[in-house]
$ cat data-v8.txt   # compact mmCIF, C-alpha atoms and all ligand atoms
# COMPACT_ATOMS: atom_id res chain seq x y z
CA MET A 2 84.58 101.33 102.10
CA ILE A 3 84.67 100.54 98.41
CA ALA A 4 87.97 102.34 97.75
CA ASP A 5 89.67 100.34 100.48
CA GLN A 6 88.28 97.08 99.18
CA ALA A 7 89.61 97.96 95.75
CA GLU A 8 92.99 98.75 97.27
CA ALA A 9 93.00 95.47 99.20
CA LEU A 10 92.08 93.62 96.02
CA ARG A 11 94.86 95.28 94.06
CA GLU A 12 97.34 94.27 96.77
CA LEU A 13 96.08 90.70 96.68
CA VAL A 14 96.30 90.44 92.91
CA ALA A 15 99.75 92.00 92.91
CA GLU A 16 100.92 89.66 95.66
CA GLU A 17 99.56 86.71 93.75
CA ARG A 18 101.51 87.80 90.66
CA ALA A 19 104.62 88.30 92.75
CA HIS A 20 104.57 84.69 93.80
CA GLN A 21 104.36 83.65 90.16
CA ASP A 22 107.25 85.87 89.10
CA PRO A 23 110.67 84.26 88.74
CA PRO A 24 113.44 85.73 90.90
CA ARG A 25 115.01 88.91 89.56
CA ALA A 26 118.26 87.19 88.60
CA ASP A 27 116.43 84.78 86.29
CA ARG A 28 114.53 87.48 84.44
CA PRO A 29 115.69 88.72 81.09
CA SER A 30 117.48 91.96 81.78
CA SER A 31 116.66 94.93 79.59
CA ALA A 32 119.31 97.61 79.98
CA GLN A 33 122.01 97.82 82.62
CA PRO A 34 120.52 96.23 85.73
CA ARG A 35 120.44 98.44 88.74
CA ALA A 36 119.31 98.27 92.29
CA THR A 37 115.89 99.40 93.39
CA THR A 38 116.19 102.07 96.06
CA LEU A 39 113.80 102.11 98.97
CA ALA A 40 113.89 104.90 101.55
CA VAL A 41 112.48 104.15 105.00
CA THR A 42 111.36 107.31 106.75
CA SER A 43 108.96 108.77 109.30
CA GLY A 44 107.79 112.05 110.72
CA LYS A 45 108.06 111.16 114.37
CA GLY A 46 111.19 109.51 115.74
CA GLY A 47 111.23 106.12 117.42
CA VAL A 48 108.46 104.56 115.34
CA GLY A 49 110.62 101.66 114.13
CA LYS A 50 112.49 102.79 110.99
CA THR A 51 115.74 101.12 111.98
CA SER A 52 114.01 97.95 113.17
CA VAL A 53 112.13 97.75 109.88
CA SER A 54 115.18 98.57 107.73
CA VAL A 55 117.51 96.08 109.38
CA ASN A 56 115.02 93.23 109.52
CA LEU A 57 113.80 93.87 106.01
CA ALA A 58 117.41 93.76 104.84
CA VAL A 59 117.89 90.39 106.56
CA GLN A 60 114.64 88.98 105.26
CA LEU A 61 115.27 90.04 101.66
CA SER A 62 118.82 88.67 101.83
CA GLN A 63 117.44 85.36 102.98
CA MET A 64 115.16 85.41 99.95
CA GLY A 65 118.29 85.51 97.80
CA ARG A 66 118.46 89.23 97.10
CA ASP A 67 121.66 91.17 97.23
CA VAL A 68 120.82 93.93 99.69
CA ILE A 69 122.74 96.98 100.84
CA LEU A 70 121.48 98.99 103.81
CA LEU A 71 122.66 102.57 103.89
CA ASP A 72 122.24 104.06 107.33
CA ALA A 73 121.67 107.69 106.46
CA ASP A 74 120.31 108.70 109.83
CA LEU A 75 122.26 111.83 110.56
CA GLY A 76 121.44 112.23 114.21
CA THR A 77 121.11 108.84 115.81
CA ALA A 78 122.53 106.37 113.31
CA ASN A 79 122.39 102.96 114.93
CA ALA A 80 121.82 100.15 112.45
CA ASP A 81 125.36 98.95 113.26
CA VAL A 82 124.53 98.83 116.97
CA VAL A 83 121.38 96.80 116.33
CA CYS A 84 123.47 94.37 114.26
CA ASN A 85 126.27 94.19 116.83
CA ILE A 86 128.94 95.24 114.41
CA ASN A 87 131.49 97.94 114.84
CA PRO A 88 132.61 99.09 111.41
CA SER A 89 135.81 101.09 111.26
CA LYS A 90 134.44 103.11 108.31
CA ASN A 91 131.13 104.86 107.93
CA LEU A 92 129.40 107.36 105.70
CA SER A 93 131.22 110.30 107.26
CA HIS A 94 134.58 108.78 106.19
CA VAL A 95 133.20 108.48 102.67
CA VAL A 96 132.07 112.09 102.61
CA ALA A 97 135.42 113.20 104.01
CA GLY A 98 137.11 111.29 101.17
CA ARG A 99 138.91 108.97 103.56
CA CYS A 100 137.49 105.84 101.97
CA SER A 101 135.20 104.77 99.16
CA LEU A 102 131.57 103.80 99.58
CA GLN A 103 132.62 100.27 98.64
CA ASP A 104 135.28 100.29 101.38
CA ALA A 105 132.63 101.26 103.93
CA LEU A 106 130.50 98.18 103.15
CA VAL A 107 130.54 95.58 105.92
CA GLU A 108 128.92 92.17 106.11
CA ALA A 109 125.99 92.19 108.51
CA PRO A 110 124.16 89.31 110.19
CA GLY A 111 121.68 87.63 107.89
CA GLY A 112 123.76 88.24 104.77
CA PHE A 113 123.17 91.86 103.82
CA ARG A 114 125.82 94.56 103.56
CA LEU A 115 125.72 97.69 105.67
CA ILE A 116 127.13 101.16 105.23
CA ALA A 117 127.05 102.53 108.73
CA GLY A 118 125.85 106.03 109.37
CA ALA A 119 127.34 108.76 111.46
CA SER A 120 126.64 112.23 112.62
CA GLY A 121 128.42 115.07 110.87
CA LEU A 122 126.84 114.54 107.49
CA SER A 123 125.94 118.21 107.34
CA GLN A 124 129.38 118.49 105.75
CA MET A 125 127.63 117.22 102.63
CA ALA A 126 126.41 120.72 101.89
CA ALA A 127 129.97 121.98 101.71
CA LEU A 128 131.39 119.40 99.32
CA SER A 129 133.61 120.62 96.56
CA GLU A 130 132.88 119.86 92.90
CA PHE A 131 135.50 117.15 92.98
CA GLU A 132 134.11 115.50 96.12
CA ARG A 133 130.61 115.72 94.71
CA ALA A 134 131.59 114.02 91.44
CA ARG A 135 133.46 111.32 93.35
CA LEU A 136 130.49 110.56 95.59
CA MET A 137 128.12 110.39 92.64
CA ASP A 138 130.43 107.97 90.85
CA GLN A 139 130.56 105.78 93.91
CA MET A 140 126.80 105.78 94.30
CA ARG A 141 126.41 104.81 90.68
CA ALA A 142 128.82 101.91 91.18
CA LEU A 143 126.87 100.82 94.24
CA GLU A 144 123.66 100.73 92.21
CA GLU A 145 125.20 98.16 89.91
CA ASP A 146 126.38 96.07 92.80
CA ALA A 147 123.06 95.14 94.46
CA ASP A 148 119.45 94.22 93.81
CA LEU A 149 118.09 96.50 96.47
CA ILE A 150 119.42 99.48 98.38
CA LEU A 151 117.54 100.28 101.57
CA ILE A 152 118.07 103.70 103.08
CA ASP A 153 117.30 104.26 106.75
CA THR A 154 116.74 108.01 106.91
CA GLY A 155 116.45 110.07 110.05
CA ALA A 156 113.06 111.17 111.34
CA GLY A 157 111.56 114.37 109.96
CA VAL A 158 112.35 115.93 106.64
CA GLY A 159 115.45 118.07 106.48
CA PRO A 160 117.02 118.88 103.10
CA ASN A 161 119.33 115.87 103.19
CA VAL A 162 116.58 113.39 104.00
CA LEU A 163 114.35 114.94 101.36
CA GLY A 164 117.03 114.25 98.77
CA PHE A 165 117.00 110.55 99.57
CA LEU A 166 113.23 110.48 99.52
CA VAL A 167 112.48 112.17 96.23
CA ALA A 168 115.13 110.12 94.42
CA ALA A 169 114.14 106.71 95.78
CA ASP A 170 112.04 104.27 93.78
CA GLN A 171 109.83 103.76 96.76
CA ILE A 172 109.27 105.65 100.00
CA LEU A 173 108.19 103.65 102.98
CA VAL A 174 106.68 105.99 105.57
CA VAL A 175 106.57 104.29 108.95
CA THR A 176 104.02 105.31 111.56
CA THR A 177 102.45 103.86 114.66
CA PRO A 178 98.81 104.28 115.75
CA GLU A 179 99.85 107.14 118.08
CA PRO A 180 98.11 110.36 117.04
CA THR A 181 101.38 112.33 116.98
CA ALA A 182 103.03 109.72 114.75
CA ILE A 183 100.03 109.81 112.41
CA THR A 184 100.06 113.61 112.16
CA ASP A 185 103.81 113.61 111.55
CA ALA A 186 103.50 110.89 108.89
CA TYR A 187 101.04 113.10 107.04
CA ALA A 188 103.44 116.05 107.36
CA VAL A 189 106.25 114.00 105.78
CA ILE A 190 104.04 112.91 102.91
CA LYS A 191 102.96 116.51 102.37
CA THR A 192 106.55 117.78 102.25
CA VAL A 193 107.67 114.98 99.96
CA CYS A 194 104.78 115.60 97.57
CA ARG A 195 105.73 119.26 97.34
CA HIS A 196 109.19 118.33 96.13
CA GLY A 197 108.59 115.39 93.86
CA GLN A 198 105.96 114.04 91.52
CA GLY A 199 104.89 110.55 90.66
CA LEU A 200 106.49 109.19 93.81
CA ASP A 201 105.65 105.74 95.08
CA ILE A 202 104.73 106.40 98.70
CA ARG A 203 103.61 103.59 100.99
CA LEU A 204 102.50 103.65 104.58
CA LEU A 205 103.69 100.98 106.98
CA VAL A 206 101.88 100.87 110.29
CA ASN A 207 104.11 99.54 113.04
CA MET A 208 103.38 98.44 116.60
CA VAL A 209 99.72 97.60 116.03
CA ARG A 210 97.42 95.24 117.96
CA ASP A 211 96.08 93.70 114.76
CA GLU A 212 95.71 94.34 111.06
CA ARG A 213 92.41 96.06 111.58
CA GLU A 214 94.05 98.77 113.66
CA ALA A 215 96.66 99.23 110.92
CA ARG A 216 93.96 99.56 108.26
CA GLU A 217 92.19 102.19 110.36
CA VAL A 218 95.39 104.21 110.64
CA TYR A 219 96.02 103.82 106.93
CA ASP A 220 92.47 104.92 106.08
CA ARG A 221 92.85 108.07 108.15
CA VAL A 222 96.19 109.06 106.63
CA ALA A 223 95.19 108.10 103.08
CA GLY A 224 91.91 109.99 103.43
CA VAL A 225 93.61 113.21 104.50
CA CYS A 226 96.27 112.84 101.80
CA ARG A 227 93.64 112.32 99.14
CA ARG A 228 91.63 115.28 100.30
CA PHE A 229 94.37 117.83 100.84
CA LEU A 230 97.23 116.65 98.64
CA GLY A 231 95.41 114.85 95.86
CA VAL A 232 97.60 111.77 96.30
CA THR A 233 96.85 108.43 97.90
CA PRO A 234 99.74 106.62 99.52
CA ARG A 235 99.45 102.87 99.21
CA TYR A 236 99.13 100.47 102.09
CA ALA A 237 102.48 98.78 102.69
CA GLY A 238 101.34 96.55 105.53
CA HIS A 239 101.61 96.32 109.27
CA ILE A 240 103.97 95.04 111.94
CA LEU A 241 102.43 93.78 115.14
CA SER A 242 103.55 95.17 118.43
CA ASP A 243 105.76 92.43 119.78
CA PRO A 244 107.93 92.38 122.94
CA ARG A 245 110.44 90.22 121.06
CA VAL A 246 111.42 93.25 118.98
CA PRO A 247 112.93 95.26 121.88
CA HIS A 248 114.21 91.99 123.33
CA ALA A 249 116.19 91.32 120.15
CA VAL A 250 117.45 94.93 120.13
CA ARG A 251 118.81 94.42 123.64
CA ARG A 252 120.56 91.30 122.42
CA ARG A 253 121.81 93.28 119.44
CA GLN A 254 120.40 90.88 116.88
CA PRO A 255 117.81 91.42 114.13
CA PHE A 256 114.54 90.02 115.48
CA VAL A 257 113.86 87.95 112.36
CA LEU A 258 117.04 86.00 113.23
CA GLU A 259 116.62 85.97 117.00
CA HIS A 260 112.90 85.14 116.96
CA PRO A 261 112.08 83.92 113.44
CA THR A 262 108.59 82.68 114.27
CA SER A 263 107.50 85.65 116.37
CA PRO A 264 104.44 87.66 115.24
CA ALA A 265 106.61 90.63 114.18
CA SER A 266 108.86 88.33 112.12
CA MET A 267 105.82 86.91 110.34
CA CYS A 268 104.73 90.44 109.45
CA MET A 269 108.23 91.25 108.26
CA HIS A 270 108.21 88.16 106.08
CA ARG A 271 105.03 89.32 104.41
CA LEU A 272 106.36 92.84 103.96
CA ALA A 273 109.57 91.53 102.39
CA HIS A 274 107.58 89.58 99.80
CA ARG A 275 105.60 92.69 98.91
CA ILE A 276 108.74 94.81 98.64
CA ASP A 277 110.50 92.18 96.58
CA ARG A 278 107.90 92.53 93.89
CA HIS A 279 109.06 96.11 93.36
CA ALA A 280 112.72 95.20 93.37
CA ALA A 281 112.08 93.93 89.86
CA THR A 282 110.75 97.22 88.56
CA PRO A 283 113.01 100.14 89.35
CA ARG A 284 111.77 103.56 88.33
CA GLY A 285 113.93 104.97 85.52
CA HIS A 286 117.64 104.76 86.06
CA GLY A 287 120.44 106.48 87.86
CA LEU A 288 118.35 107.42 90.85
CA LEU A 289 121.15 107.31 93.31
CA LYS A 290 122.96 109.70 91.03
CA ARG A 291 120.01 112.07 91.29
CA MET A 292 119.95 111.53 95.00
CA ALA A 293 123.61 112.44 95.29
CA ALA A 294 123.05 115.53 93.18
CA TRP A 295 120.25 116.63 95.49
CA LEU A 296 122.18 115.74 98.59
CA VAL A 297 125.26 117.74 97.77
CA GLY A 298 123.88 120.32 95.36
N1 LIG B 301 106.83 96.07 116.20
C1 LIG B 301 107.40 96.47 117.34
N2 LIG B 301 106.97 95.99 118.52
C2 LIG B 301 107.53 96.39 119.69
N3 LIG B 301 108.52 97.28 119.76
C3 LIG B 301 109.00 97.81 118.63
C4 LIG B 301 108.46 97.44 117.36
N4 LIG B 301 109.14 98.13 116.39
C5 LIG B 301 110.05 98.88 117.03
N5 LIG B 301 109.98 98.69 118.38
C6 LIG B 301 110.81 99.33 119.40
O1 LIG B 301 110.71 100.74 119.29
C7 LIG B 301 111.96 101.35 119.57
C8 LIG B 301 112.30 102.30 118.44
O2 LIG B 301 112.57 101.55 117.27
P1 LIG B 301 113.62 102.05 116.18
O3 LIG B 301 114.92 102.42 116.81
O4 LIG B 301 113.64 101.05 115.10
O5 LIG B 301 112.87 103.38 115.71
P2 LIG B 301 113.42 104.52 114.74
O6 LIG B 301 112.25 105.04 114.01
O7 LIG B 301 114.56 104.03 113.93
O8 LIG B 301 113.96 105.59 115.78
P3 LIG B 301 114.82 106.91 115.46
O9 LIG B 301 113.83 107.92 114.93
O10 LIG B 301 115.39 107.29 116.79
O11 LIG B 301 115.84 106.53 114.44
C9 LIG B 301 112.98 100.23 119.76
O12 LIG B 301 113.19 100.05 121.14
C10 LIG B 301 112.30 99.02 119.18
O13 LIG B 301 112.67 97.86 119.84
MG MG B 302 116.54 104.78 113.69

$ encode --input "data-v8.txt" --output "C-alpha cells"
Amino acid sequence: MIADQAEALRELVAEERAHQDPPRADRPSSAQPRATTLAVTSGKGGVGKTSVSVNLAVQLSQMGRDVILLDADLGTANADVVCNINPSKNLSHVVAGRCSLQDALVEAPGGFRLIAGASGLSQMAALSEFERARLMDQMRALEEDADLILIDTGAGVGPNVLGFLVAADQILVVTTPEPTAITDAYAVIKTVCRHGQGLDIRLLVNMVRDEREAREVYDRVAGVCRRFLGVTPRYAGHILSDPRVPHAVRRRQPFVLEHPTSPASMCMHRLAHRIDRHAATPRGHGLLKRMAAWLVG
C-alpha cells in the first residue's frame, strides 16, 4: 500500500538523520534542558510492557543517555523484580510523603535509575494541596535530572494511567498479534485520543514471528484508527518472539544484558535508536508537571 510505503520511507529517512545527529549532550541547548517522557502502555495485560520498558532503559543507558524508569504500574508493579533489586522505597512512599522522588531512585542493572512501583497508588486521588504541590515540585526536579523518563504504566486506561499518557511526549502502545491484544490496543488509542490532542502515539508489535507479521498488525490498527478516530499512530517497530526473553525474566536480568545477541535484543537495539531520536525533541516543557496535575487533580 502506498501509505505504508510512505510511512516506511519516512521512518528510514528519520533513522538516517538520527544516525547523523550528535548526541543530545553535545547539542546546543535552547532553554532549560528537560527529559523527554515516554509512556509505555497497552490495552491487554501481559503483552510485554515491563520487558520493553526495562530493556529499553538498559539499551538507552548503554547508548550514553541518562534514563529514569518510573514503574507506575498500580496493580502488578514488577520492574524491580525483573531487575533483581529490592528497593526499600517506592512510589507509594513518595506519595505518602515518607521520602522524596529522588530518594526513591535506585541504580538498576545496565546503568539506568529506577523508581519502583507499588500498589496503593489510588491514594493519589486523595492528596492534599500541600502533598500535590510537593509531588509536582519533585517531578519537575526529576525532569531536569535525566535525558529520558520512561513510564511503565499498567494495562488498560484508568484515570491515573490516562494522566501519564496524555502528558507524555510519546506514547508507546504495545500489542501482540493476538486479536484480543489488537482490539484492546485500539481501545487504548481511542480513549487517549478523546482526552488529548496532538499526541505522538506509536504502536510497538511484540512477540512476532517476523517483521511482516508486525507490519500486518500495524496496518490493521492504523487503518481502523484512521477510519474511526481520524488519527494514524506511527509504527514504532517490532520485537521478535524469543524464548530468551522469559528465560532472562526467570534469571531476573534484563534480556539485553543476559542475551545481548539474541533476536529480541537486536530488535530492542533498533527500537532504542529510534526512540533516542525523539529524546532530542521534547514536546513543550513541564510535561511531568502537567502529568502530576492530572494525576492528583
Ligand atoms: N518478545 C518476547 N518474546 C517472548 N516472550 C516475551 C516477549 N516479550 C515479553 N515476553 C514474556 O511475556 C510475559 C509478559 O511480559 P511483561 O511482564 O513484560 O508484560 P506486561 O505487559 O508488563 O504485563 P502486565 O500487564 O502484567 O504488566 C513475560 O513472561 C515475558 O517474558
Ligand atoms: Mg508489567

$ residues_near_ligand --input "data-v8.txt" --ligand "ligand LIG 301 (chain B)" --cutoff "6 Å" --atoms "all atoms listed in the file" --output "list in words"
Gly46, Gly47, Val48, Gly49, Lys50, Thr51, Ser52, Thr77, Gly155, Ala156, Asn207, Met208, Ile240, Leu241, Ser242, Asp243, Pro244, Val246, Pro247, Val250 and Ala265 of chain A

$ residues_near_ligand --input "data-v8.txt" --ligand "ligand MG 302 (chain B)" --cutoff "12 Å" --atoms "all atoms listed in the file" --output "MDAnalysis selection string"
chainID A and resid 41:55 71:83 117:119 152:157 175 250

$ atom_distance --input "data-v8.txt" --atom1 "CA of Val96 (chain A)" --atom2 "CA of Thr38 (chain A)"
19.9 Å

$ atom_distance --input "data-v8.txt" --atom1 "CA of Ala182 (chain A)" --atom2 "CA of Val232 (chain A)"
19.3 Å

$ atom_distance --input "data-v8.txt" --atom1 "CA of Thr177 (chain A)" --atom2 "CA of Asn85 (chain A)"
25.8 Å

$ residues_around --input "data-v8.txt" --residues "region 185-190 of chain A" --least-positions-apart "5" --cutoff "12 Å" --atoms "all atoms listed in the file" --output "ChimeraX atom specification"
/A:41-46,48,155-159,162-163,166-167,172-180,195-198,200-206,218-235

$ closest_residue --input "data-v8.txt" --among "A:Gly164, A:Gly238, A:Pro255, A:Gly98" --to "Cys84 (chain A)" --atoms "all atoms listed in the file"
A:Pro255

$ closest_residue --input "data-v8.txt" --among "A:Thr181, A:Gln254, A:Ser263, A:Gln60" --to "Ile276 (chain A)" --atoms "only C-alpha atoms"
A:Gln60

$ closest_residue --input "data-v8.txt" --among "A:Arg210, A:Arg275, A:Arg99, A:Arg35" --to "Asp148 (chain A)" --atoms "only C-alpha atoms"
A:Arg35

$ build_atoms --input "data-v8.txt" --residues "region 245-259 of chain A" --atoms "N, CA and C atoms" --output "mmCIF file, keeping the file's coordinate frame"
data_model
loop_
_atom_site.group_PDB
_atom_site.id
_atom_site.type_symbol
_atom_site.label_atom_id
_atom_site.label_comp_id
_atom_site.auth_asym_id
_atom_site.auth_seq_id
_atom_site.Cartn_x
_atom_site.Cartn_y
_atom_site.Cartn_z
ATOM 1 N N ARG A 245 109.184 90.842 121.524
ATOM 2 C CA ARG A 245 110.440 90.220 121.060
ATOM 3 C C ARG A 245 111.289 91.192 120.247
ATOM 4 N N VAL A 246 110.649 92.266 119.755
ATOM 5 C CA VAL A 246 111.420 93.250 118.980
ATOM 6 C C VAL A 246 112.417 93.972 119.901
ATOM 7 N N PRO A 247 111.933 94.637 120.982
ATOM 8 C CA PRO A 247 112.930 95.260 121.880
ATOM 9 C C PRO A 247 113.862 94.244 122.531
ATOM 10 N N HIS A 248 113.358 93.029 122.755
ATOM 11 C CA HIS A 248 114.210 91.990 123.330
ATOM 12 C C HIS A 248 115.407 91.716 122.420
ATOM 13 N N ALA A 249 115.120 91.588 121.115
ATOM 14 C CA ALA A 249 116.190 91.320 120.150
ATOM 15 C C ALA A 249 117.151 92.515 120.061
ATOM 16 N N VAL A 250 116.592 93.737 120.163
ATOM 17 C CA VAL A 250 117.450 94.930 120.130
ATOM 18 C C VAL A 250 118.429 94.891 121.297
ATOM 19 N N ARG A 251 117.927 94.505 122.472
ATOM 20 C CA ARG A 251 118.810 94.420 123.640
ATOM 21 C C ARG A 251 119.897 93.384 123.437
ATOM 22 N N ARG A 252 119.562 92.340 122.701
ATOM 23 C CA ARG A 252 120.560 91.300 122.420
ATOM 24 C C ARG A 252 121.394 91.626 121.185
ATOM 25 N N ARG A 253 121.083 92.773 120.612
ATOM 26 C CA ARG A 253 121.810 93.280 119.440
ATOM 27 C C ARG A 253 121.790 92.290 118.278
ATOM 28 N N GLN A 254 120.612 91.777 118.014
ATOM 29 C CA GLN A 254 120.400 90.880 116.880
ATOM 30 C C GLN A 254 119.122 91.291 116.152
ATOM 31 N N PRO A 255 119.085 91.183 114.832
ATOM 32 C CA PRO A 255 117.810 91.420 114.130
ATOM 33 C C PRO A 255 116.759 90.441 114.632
ATOM 34 N N PHE A 256 115.539 90.925 114.878
ATOM 35 C CA PHE A 256 114.540 90.020 115.480
ATOM 36 C C PHE A 256 114.133 88.879 114.562
ATOM 37 N N VAL A 257 114.235 89.065 113.243
ATOM 38 C CA VAL A 257 113.860 87.950 112.360
ATOM 39 C C VAL A 257 114.852 86.782 112.485
ATOM 40 N N LEU A 258 116.068 87.076 112.983
ATOM 41 C CA LEU A 258 117.040 86.000 113.230
ATOM 42 C C LEU A 258 116.889 85.449 114.636
ATOM 43 N N GLU A 259 116.693 86.357 115.578
ATOM 44 C CA GLU A 259 116.620 85.970 117.000
ATOM 45 C C GLU A 259 115.297 85.242 117.301
#
